[in-house]
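Student: Quick one: the structure is below, and I'll ask about it shortly.
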Amino acid sequence: MVSVKNLVKHYGDFCLDVSMEIPDGLVTGLIGKNGAGKSTVIKSILGLVKPDSGKVMVFGKEAGKLTPKEKENIGVALSDSGFSNYLTLEDVTKILCKMYGDFHESEFRALCKSQGLPFDKDLKNFSTGMKAKARVLVALSHKADLLIMDEPTSGLDIEARNEILDIMRDYLEENEKCSILITSHISSDLEGLCDDIYMIHEGKVILHEETDKIIGQYGLLKVEEAMYAKLDKSNIIKTKKTDYGYECFTSEKQFYIDNYPGLVVENGNIDELILMMTGGK
Amino acid sequence: MAGLVEKDIRLLLKRKETIIIFLAISFLLGFTTDGNFVISYLTILCTIFTVSTISYDEFDNGYTFLMTLPIDCKTYVAEKYAFCIGSGFIAWIFAVIFFLVTGVVKGDAINLSEDMMMAVVFIPVYIIMLCVMIPIQLKYGGEKSRIVLLVLWGIIALIGFLGAKVLAGLHISIDGLVKILDQIPEIVFGILGIAITVVIVVISFVCSRKIMEKKEY
Amino acid sequence: MHIILNNSSMIPIYEQLMDQIKNEIISGNLKEDEVLPSVRALSGKLKISALTVKKAYDHLEEEGFVVTVHGKGTFVAATDRQLAVEARKKAVEDEFSRAIEKAKALGLTCEEIREMVEIILEE
């Protein structure tokens, strides 16, 4: 649904150079530190910034050239920009009615109500959690096939985060062919929702892997000095020296489980992956 | 575009107090001064008021999200012009009616054709004001544009002042010019006025569009 | 369908899913021609990636337990339950063979291997 080919963008010293894809019907996660380039990727996909070189295609067309009608098929939730804070949810509802042909008003109202969002309060008086929920619900309100969510659960407590993720899961169930691009710092959120993950660091994609593989095939080996010397290192991606020996990140933990009984092997997760890929040797 | 109009109306209606004060002042002015002032006052006030929706859009990174909605730069700019010119016109009609009503109440002598002539002159005036204010606001944003506009009016005033000096120096009197202009039939003025206004609107629109298209969000 | 996944287990999630669905089919909880939840629905409920569920369904189809009809969903195959049990018994047999081979490679005698099995069974 979205294809980013050799997107290059310069901002002063910073240079972004990425290629990635958001396939139809899948949830793609994008993780990276602040300043790694996530927002620039999102803005390029939304046609908000123009690439210095490379091509960003959405629905088969160049991102910056989508017509308003085609844009109706994209739902957006950004972390630092939205409707004017002087408006109320009632104002926003009425505006959305007129902006999107496929706006489901009664469903939207019902969902907002069930999440405890008041219609008569100015948005500037919403709590952080309420604002985040409102943004997500607005993005989902017009049955878009492409959803772009920039840090939708940022700054929220675990309950609110789960509520928002459940809202997204319900949406996915009802709209099977929709694709989602979601950026986040919170790995556990991504593990429970995304089908594949891109890791971006200093403007480059340093990892692209299916969540299923990260959890199922990747693992962390905790090896003492003596053992490390004898270890077959062909399947090790990164190693880090620790007090007790070494921590090795592998993409084939089954190999080590089978051949080194007794070796401490932990399941892979995204947090470990981040720490390993952006630090260590 | 309908969504954008809905947004702008709702934003402006939040400033109910401001609107009421404007109306109250016009009410006062209508009864205490030469009623004609009311027309220019209300129309120009409405112009400045509606153009301020650009500041609302720009505030707090608003444009980033706005541009992901199903609109494009052309639609956004077109809505601004349509909304501001349209509202200005409604304000003008309201002001003219008000002027006539207060005139009747006060017992003023109303020379309909002359007064209407003066009133109609304001239409291109506020439209041209918009054509200057909108692109400047779009390019420089709410804060900086205030300064830019001040400088602009200053320059215009200077040109006017210098122009008058030059004409005097060339021994051409303003009165003489006016006498010549008076001889031109009003219909010509009318058509010329409309033509110039339309051209200015088109030029301004194209500039505004280019400014928006070049921006990155 | 009751699926409980163990995130801390070394067994890949899709395998756990497969095993549990097979159990449901063999025990009769899932009947022939019954439709399984859609990939999206199940992945949402279990809070896992849709690709994991798809992998499980694909493997189940390879082993003959389910049939996917494009556009309609995934259905429990009309399979002889006895055959299914046989197939799984064979799978366990294969795993035993592998374990015994490894043990022998390590130098364990048949007696030591039997002892090991006894101890494990008692646990």
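Ligands are numbered from 1 in the order shown, residues from 1 within each chain, and chains are lettered A, B, ... in the order they appear in the structure tokens.
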DSSP on the backbone: which residues in range 5-81 of chain C end up as strand (DSSP E or B)? Give the answer as a PDB file with C-alpha atoms, in the first residue's frame.
Tutor:
ATOM      1  CA  VAL C  35     -15.032 -22.096  10.749  1.00  0.00           C
ATOM      2  CA  VAL C  66      -7.840 -27.394   8.209  1.00  0.00           C
ATOM      3  CA  VAL C  67      -8.799 -26.119   4.802  1.00  0.00           C
ATOM      4  CA  THR C  68      -8.636 -22.484   3.765  1.00  0.00           C
ATOM      5  CA  VAL C  69     -11.188 -21.277   1.249  1.00  0.00           C
ATOM      6  CA  GLY C  73     -12.168 -18.412   5.842  1.00  0.00           C
ATOM      7  CA  THR C  74     -10.445 -21.380   7.387  1.00  0.00           C
ATOM      8  CA  PHE C  75     -12.477 -24.496   8.182  1.00  0.00           C
ATOM      9  CA  VAL C  76     -11.803 -27.652  10.140  1.00  0.00           C
TER      10      VAL C  76
END
Student: Give as an MDAnalysis selection string every residue of chain C that touches chain A within 9 Å, counting only C-alpha atoms.
Tutor: chainID C and resid 7:14 38:52
Student: Include N, CA and C atoms and write out the residues we just selected as a PDB file, in the first residue's frame.
Tutor:
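Result went into again-v9.pdb, see below:
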ATOM      1  N   ASN C   7       4.195 -17.080  26.797  1.00  0.00           N
ATOM      2  CA  ASN C   7       5.211 -16.229  26.177  1.00  0.00           C
ATOM      3  C   ASN C   7       6.617 -16.543  26.627  1.00  0.00           C
ATOM      4  N   SER C   8       6.732 -17.199  27.805  1.00  0.00           N
ATOM      5  CA  SER C   8       8.076 -17.474  28.304  1.00  0.00           C
ATOM      6  C   SER C   8       8.612 -18.798  27.797  1.00  0.00           C
ATOM      7  N   SER C   9       7.758 -19.561  27.116  1.00  0.00           N
ATOM      8  CA  SER C   9       8.205 -20.881  26.669  1.00  0.00           C
ATOM      9  C   SER C   9       9.165 -20.756  25.504  1.00  0.00           C
ATOM     10  N   MET C  10       9.997 -21.776  25.355  1.00  0.00           N
ATOM     11  CA  MET C  10      10.931 -21.802  24.226  1.00  0.00           C
ATOM     12  C   MET C  10      10.247 -22.296  22.960  1.00  0.00           C
ATOM     13  N   ILE C  11       9.044 -22.838  23.129  1.00  0.00           N
ATOM     14  CA  ILE C  11       8.309 -23.321  21.952  1.00  0.00           C
ATOM     15  C   ILE C  11       7.738 -22.112  21.224  1.00  0.00           C
ATOM     16  N   PRO C  12       8.029 -22.013  19.914  1.00  0.00           N
ATOM     17  CA  PRO C  12       7.510 -20.865  19.161  1.00  0.00           C
ATOM     18  C   PRO C  12       6.004 -20.752  19.293  1.00  0.00           C
ATOM     19  N   ILE C  13       5.516 -19.517  19.296  1.00  0.00           N
ATOM     20  CA  ILE C  13       4.092 -19.266  19.489  1.00  0.00           C
ATOM     21  C   ILE C  13       3.248 -19.996  18.454  1.00  0.00           C
ATOM     22  N   TYR C  14       3.675 -19.972  17.187  1.00  0.00           N
ATOM     23  CA  TYR C  14       2.832 -20.585  16.162  1.00  0.00           C
ATOM     24  C   TYR C  14       2.697 -22.090  16.393  1.00  0.00           C
ATOM     25  N   SER C  38     -11.105 -15.618  12.026  1.00  0.00           N
ATOM     26  CA  SER C  38     -10.247 -15.065  10.980  1.00  0.00           C
ATOM     27  C   SER C  38      -8.874 -14.756  11.584  1.00  0.00           C
ATOM     28  N   VAL C  39      -7.888 -14.676  10.713  1.00  0.00           N
ATOM     29  CA  VAL C  39      -6.520 -14.408  11.167  1.00  0.00           C
ATOM     30  C   VAL C  39      -6.478 -13.150  12.022  1.00  0.00           C
ATOM     31  N   ARG C  40      -7.131 -12.102  11.531  1.00  0.00           N
ATOM     32  CA  ARG C  40      -7.137 -10.838  12.262  1.00  0.00           C
ATOM     33  C   ARG C  40      -7.845 -10.969  13.604  1.00  0.00           C
ATOM     34  N   ALA C  41      -8.973 -11.679  13.607  1.00  0.00           N
ATOM     35  CA  ALA C  41      -9.749 -11.782  14.844  1.00  0.00           C
ATOM     36  C   ALA C  41      -8.943 -12.515  15.905  1.00  0.00           C
ATOM     37  N   LEU C  42      -8.340 -13.623  15.513  1.00  0.00           N
ATOM     38  CA  LEU C  42      -7.580 -14.408  16.483  1.00  0.00           C
ATOM     39  C   LEU C  42      -6.341 -13.666  16.955  1.00  0.00           C
ATOM     40  N   SER C  43      -5.647 -13.010  16.020  1.00  0.00           N
ATOM     41  CA  SER C  43      -4.431 -12.291  16.419  1.00  0.00           C
ATOM     42  C   SER C  43      -4.773 -11.146  17.349  1.00  0.00           C
ATOM     43  N   GLY C  44      -5.936 -10.537  17.144  1.00  0.00           N
ATOM     44  CA  GLY C  44      -6.353  -9.450  18.022  1.00  0.00           C
ATOM     45  C   GLY C  44      -6.656  -9.974  19.420  1.00  0.00           C
ATOM     46  N   LYS C  45      -7.371 -11.109  19.460  1.00  0.00           N
ATOM     47  CA  LYS C  45      -7.751 -11.660  20.755  1.00  0.00           C
ATOM     48  C   LYS C  45      -6.530 -12.118  21.544  1.00  0.00           C
ATOM     49  N   LEU C  46      -5.580 -12.738  20.845  1.00  0.00           N
ATOM     50  CA  LEU C  46      -4.404 -13.270  21.533  1.00  0.00           C
ATOM     51  C   LEU C  46      -3.296 -12.240  21.661  1.00  0.00           C
ATOM     52  N   LYS C  47      -3.491 -11.100  21.056  1.00  0.00           N
ATOM     53  CA  LYS C  47      -2.515 -10.014  21.084  1.00  0.00           C
ATOM     54  C   LYS C  47      -1.167 -10.465  20.509  1.00  0.00           C
ATOM     55  N   ILE C  48      -1.251 -11.101  19.345  1.00  0.00           N
ATOM     56  CA  ILE C  48      -0.021 -11.486  18.647  1.00  0.00           C
ATOM     57  C   ILE C  48      -0.111 -11.034  17.195  1.00  0.00           C
ATOM     58  N   SER C  49       0.996 -11.198  16.486  1.00  0.00           N
ATOM     59  CA  SER C  49       1.029 -10.755  15.098  1.00  0.00           C
ATOM     60  C   SER C  49       0.144 -11.626  14.218  1.00  0.00           C
ATOM     61  N   ALA C  50      -0.497 -11.025  13.237  1.00  0.00           N
ATOM     62  CA  ALA C  50      -1.356 -11.768  12.325  1.00  0.00           C
ATOM     63  C   ALA C  50      -0.548 -12.789  11.527  1.00  0.00           C
ATOM     64  N   LEU C  51       0.732 -12.472  11.280  1.00  0.00           N
ATOM     65  CA  LEU C  51       1.564 -13.398  10.514  1.00  0.00           C
ATOM     66  C   LEU C  51       1.791 -14.693  11.280  1.00  0.00           C
ATOM     67  N   THR C  52       1.844 -14.594  12.614  1.00  0.00           N
ATOM     68  CA  THR C  52       2.011 -15.796  13.429  1.00  0.00           C
ATOM     69  C   THR C  52       0.802 -16.701  13.274  1.00  0.00           C
TER      70      THR C  52
END
Student: I'd like the contact shell of Val205 in chain A - 7 Å cut-off, only C-alpha atoms, skipping same-chain residues fewer than 6 positions apart - returned as a list in words.
Tutor: Val18, Tyr198 and Met199 of chain A
Student: For a quick check of understanding, using only C-alpha atoms, which of C:Gln16, C:Asn29, C:Thr109, C:Asn6 has the smallest distance to Val53 in chain C?
Tutor: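 Looking at the shortest contact to Val53 in chain C, the residue is C:Gln16.
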Student: Excluding same-chain residues fewer than 3 positions from Leu4 in chain B, what lies within 10 Å of it counting only C-alpha atoms, as a compact mmCIF listing (two decimals) with C-alpha atoms, in the first residue's frame?
Tutor:
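Result file out_5.txt:
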# COMPACT_ATOMS: atom_id res chain seq x y z
CA ILE A 95 -16.16 19.25 10.75
CA LEU A 96 -15.39 15.57 10.07
CA LYS A 98 -18.20 17.64 6.07
CA MET A 99 -14.65 16.53 5.35
CA MET B 1 -13.97 22.98 1.38
CA LYS B 7 -13.97 24.82 11.04
CA ASP B 8 -13.43 28.54 10.46
CA ILE B 9 -16.98 29.48 11.46
CA ARG B 10 -16.77 27.43 14.64
CA LEU B 66 -4.44 20.09 8.64
CA LEU B 69 -6.97 16.02 5.92
CA ILE B 71 -7.71 18.88 1.16
CA THR B 75 -8.56 24.07 -1.74
CA TYR B 76 -7.20 25.57 1.44
CA GLU B 79 -11.53 28.51 0.99
CA LYS B 80 -9.71 31.35 2.71
CA PHE B 83 -14.66 32.71 3.24
Student: Tell me, in Å to one decimal, how far CA of Gly101 in chain A is from CA of Cys178 in chain A.
Tutor: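 Between these atoms lies a distance of 17.6 Å.
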Student: Contacts of Leu273 in chain A at 9 Å or less, counting only C-alpha atoms, minus same-chain residues fewer than 6 places along, as a list of chain:residue names?
Tutor: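 The contact residues come out as A:Ile214, A:Tyr218, A:Phe249.
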Student: Convert the current residue selection to file output with N, CA and C atoms, as an mmCIF file, in the first residue's frame.
Tutor:
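Listing of part04.cif after writing:
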data_model
loop_
_atom_site.group_PDB
_atom_site.id
_atom_site.type_symbol
_atom_site.label_atom_id
_atom_site.label_comp_id
_atom_site.auth_asym_id
_atom_site.auth_seq_id
_atom_site.Cartn_x
_atom_site.Cartn_y
_atom_site.Cartn_z
ATOM 1 N N ILE A 214 11.145 -12.253 15.497
ATOM 2 C CA ILE A 214 11.877 -11.638 16.603
ATOM 3 C C ILE A 214 11.556 -12.365 17.896
ATOM 4 N N TYR A 218 14.554 -15.113 17.460
ATOM 5 C CA TYR A 218 15.651 -14.356 18.043
ATOM 6 C C TYR A 218 15.751 -14.676 19.526
ATOM 7 N N PHE A 249 23.318 -11.777 20.951
ATOM 8 C CA PHE A 249 22.001 -11.765 20.351
ATOM 9 C C PHE A 249 22.049 -12.592 19.080
#
Student: Do me a favour and pick out the residues of chain B within 10 Å of chain A, using only C-alpha atoms, as a PyMOL selection string.
Tutor: chain B and resi 1-8+10-11+14+56-73+75+214-217
Student: For Gly35 in chain A, find every residue with an atom within 9 Å (counting only C-alpha atoms), except residues of its own chain fewer than 3 positions away, and show them as a PyMOL selection string.
Tutor: chain A and resi 32+38-39+201-203
Student: What lies within 7 Å of Val58 in chain A using only C-alpha atoms, ignoring chain neighbours under 2 positions off, as an MDAnalysis selection string?
Tutor: chainID A and resid 1:3 56 60:63
Student: Put those residues in a file: N, CA and C atoms, as an mmCIF file, in the first residue's frame.
Tutor:
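This is the output file selection-v9.cif:
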data_model
loop_
_atom_site.group_PDB
_atom_site.id
_atom_site.type_symbol
_atom_site.label_atom_id
_atom_site.label_comp_id
_atom_site.auth_asym_id
_atom_site.auth_seq_id
_atom_site.Cartn_x
_atom_site.Cartn_y
_atom_site.Cartn_z
ATOM 1 N N MET A 1 0.824 -1.208 0.000
ATOM 2 C CA MET A 1 0.000 0.000 0.000
ATOM 3 C C MET A 1 0.859 1.261 0.000
ATOM 4 N N VAL A 2 1.963 1.156 0.748
ATOM 5 C CA VAL A 2 2.908 2.278 0.757
ATOM 6 C C VAL A 2 4.270 1.714 0.418
ATOM 7 N N SER A 3 4.989 2.389 -0.489
ATOM 8 C CA SER A 3 6.348 1.926 -0.745
ATOM 9 C C SER A 3 7.289 3.116 -0.752
ATOM 10 N N VAL A 56 8.335 8.036 -2.880
ATOM 11 C CA VAL A 56 7.420 7.554 -1.860
ATOM 12 C C VAL A 56 6.063 7.386 -2.541
ATOM 13 N N GLY A 60 -0.171 3.576 -4.878
ATOM 14 C CA GLY A 60 0.313 3.549 -6.248
ATOM 15 C C GLY A 60 0.603 4.911 -6.847
ATOM 16 N N LYS A 61 0.437 5.953 -6.060
ATOM 17 C CA LYS A 61 0.710 7.297 -6.591
ATOM 18 C C LYS A 61 1.772 7.966 -5.726
ATOM 19 N N GLU A 62 2.413 8.987 -6.263
ATOM 20 C CA GLU A 62 3.408 9.702 -5.459
ATOM 21 C C GLU A 62 2.722 10.379 -4.283
ATOM 22 N N ALA A 63 3.347 10.279 -3.127
ATOM 23 C CA ALA A 63 2.722 10.728 -1.889
ATOM 24 C C ALA A 63 2.251 12.172 -1.930
#
Student: What is the CA of Leu36 in chain C to CA of Asp19 in chain C distance in Å?
Tutor: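 That distance, rounded to one decimal, is 14.6 Å.
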Student: Quick check, in Å to one decimal: how far apart do CA of Ile147 in chain B and CA of Ile159 in chain B lie?
Tutor: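 Answer for the CA of Ile147 in chain B to CA of Ile159 in chain B separation: 18.4 Å.
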